[in-house]
Amino acid sequence: MHHVVLDRWGCGSSPVHRRDPRAKMLATLLFLVALATAHHSYLAVSAVYFALLVTAIFAAELPPAAVLRRAALVLPFSLVFAAMSVASGDTTRAISLVVKSYLSALVVLVLVSTTPLPQLLAGLERMGFPRFLLLVVQFLYRYLFVISEEAQHMRAAAAAKSGSMRQLISRRRHFGAAAGAVGVLFARSYARAEAIHLAMLARGFAGHFRPLAKSSFRKLDAAFLAGAVAAIVLLRAAIEVWT
Amino acid sequence: MHIPDGFLSTPVWATLDLAAAPAVGYFARRAQGLEQSKVPLLGVMGAFVFAAQMINFPVGVGTSGHLIGAALLAYTLGPAAASVVLTAILVVQALVFQDGGTLALGANVLNMAVIGLLAGYLPYQIWGGGRWRRPAIFLGAMLSVMVSALLALSELLVSGVAMPATALRVSIGLFMIYGLLEGAITVAVLGALESMNVGFLRVPEASVSHRLKWVGLAAILLATFGALIASAYPDGIQRLTSEIGLGSHGRLRISTPLANYEAAFFKSGWLRKAAAGLAGVAVIYGVCALGGRILGRQRGE
């Protein structure tokens, strides 16, 4: 599956990967806010911020082309709305929608592909996000692949049994069969969740996951955060004053 | 419809983030209060919703649709747990699949995991126990999709994303079709589930007063179908936005001689806006952290 790629990227050991998740998250948040609030010279700001992100991608030793392509996942949605803005005569808005949504997706992608999800969630927990919700997110991500594979198997089985005869089966029957498949998937997921819970109890689950590497906010992390904040704020201020 | 970053104006996303935070906290606490075994169940059911979207339902010639799942989760897990699952799904979609923005997360959570979900649960809450169960399930699933889509659309319009009248009409028509499809799929899937094990469906408990529920449902129906009718005459909105746009352009052109003054004004303008944005984020963080602290202390006692 294609998003396994994120886990592979997250396993790197570049200087960017080794920063504390909190430092990276705060820098990302500031980047997003600074980009979202840029109005009159947002194109210049976006160009400079794009350069910043490309620098980060190289520093993190990520494959640049693949990262830039993956962030483009957001473009189909943006392009539809951009086309509608053009149709109603607002070309400036159309360009801003495409540029801002792409850059926002890219910065989040850089964050996620330099920070494995468990570390990211641990960082969020330290910043005070509700642990219950984060645990659910973690379980969701962990079992996403398992349940999706089950759905794929069911789809393959259905195609093997009736794929060539699809034209012969009435649409109504087909609809019912699909509903049955979803129902079975639901029941299996439910049963799996109960088995997981029993296994967790048996192993003495104490209410939260422990990340392998205990990360602490070091001087280097503070320096990284300070540098990122300075770059984001000063570059934008310089552009606003200059134009 | 997941709104990406860059679409909503700063006041809109900041307000919605601020509104979503306590709602998520409330539902998380309610869902958690029941049992510890909820954590794996909710996580795996979130994965189920992702996987179920791979199974196609035939709609017309050559086209197919899939389950969206908010109403299905609400009827099987209860509204609080379903809200937590949907929020977790939105978080994973924003982070891992680049589907939906991070600053816009509050907007997406409110649209789908809070308001859309509650609108979808209300008919089931009222009629779910009786003879009108099936129509209630259908109506609820349909409302959950349409309410969240219309909310997203109006947030975009409020943020100044312009849409031609025909595009607006077409998209509202599409939401209606998605709503009907979601209703049909949810009824069929719940039927299949009941034939396997009756225990999967929760029977709604009568806790809220009946009159309140009726008023709520009436309000939702009025708002939804009011929006549908209004979409037939969107020229008013269109004219308003274009007038505002024209107005600002006109002012800009007139004030070009005072370029220095204008630059200074813009500079203070963006500083003010950036400060407001950052302050908004800080307030959101503060509210969440404080809320968590207080709730934690209450549980500790």
# chains A, B, ... in the order shown; residues from 1 in each chain; ligands from 1

call {"tool": "closest_atom_pairs", "arguments": {"of": "range 81-153 of chain B", "to": "range 175-195 of chain B", "cutoff": "6 Å", "atoms": "only C-alpha atoms", "output": "Markdown table"}}
result
| residue | atom | partner | partner_atom | distance |
| --- | --- | --- | --- | --- |
| B:Phe138 | CA | B:Gly183 | CA | 4.2 |
| B:Ala141 | CA | B:Gly183 | CA | 4.8 |
| B:Met142 | CA | B:Gly179 | CA | 4.1 |
| B:Val145 | CA | B:Gly179 | CA | 5.3 |
| B:Met146 | CA | B:Gly179 | CA | 5.7 |

call {"tool": "residues_around", "arguments": {"residues": "range 91-101 of chain B", "least_positions_apart": "6", "cutoff": "9 Å", "atoms": "only C-alpha atoms", "output": "list in words"}}
result
His3, Leu6, Arg70, Ala71, Ala72, Leu73, Val74, Ser101, Ser104, Ala105, Leu106, Val108, Leu109, Leu111, Val112, Ser113, Leu117, Val137, Leu140 and Tyr141 of chain A; Met1, His2, Ile3, Pro4, Asp5, Gly6, Asn108 and Val109 of chain B

call {"tool": "select_by_dssp", "arguments": {"residues": "chain A", "states": "alpha helix (DSSP H)", "output": "PyMOL selection string"}}
result
chain A and resi 4-10+21-36+42-59+64-71+75-87+91-114+117-126+131-162+171-202+219-242

call {"tool": "atom_distance", "arguments": {"atom1": "CA of Ala44 in chain A", "atom2": "CA of Val99 in chain A"}}
result
11.0 Å

call {"tool": "closest_residue", "arguments": {"among": "B:Ala47, B:Leu222, B:Leu90, B:Leu201", "to": "Val147 in chain B", "atoms": "only C-alpha atoms"}}
result
B:Leu222
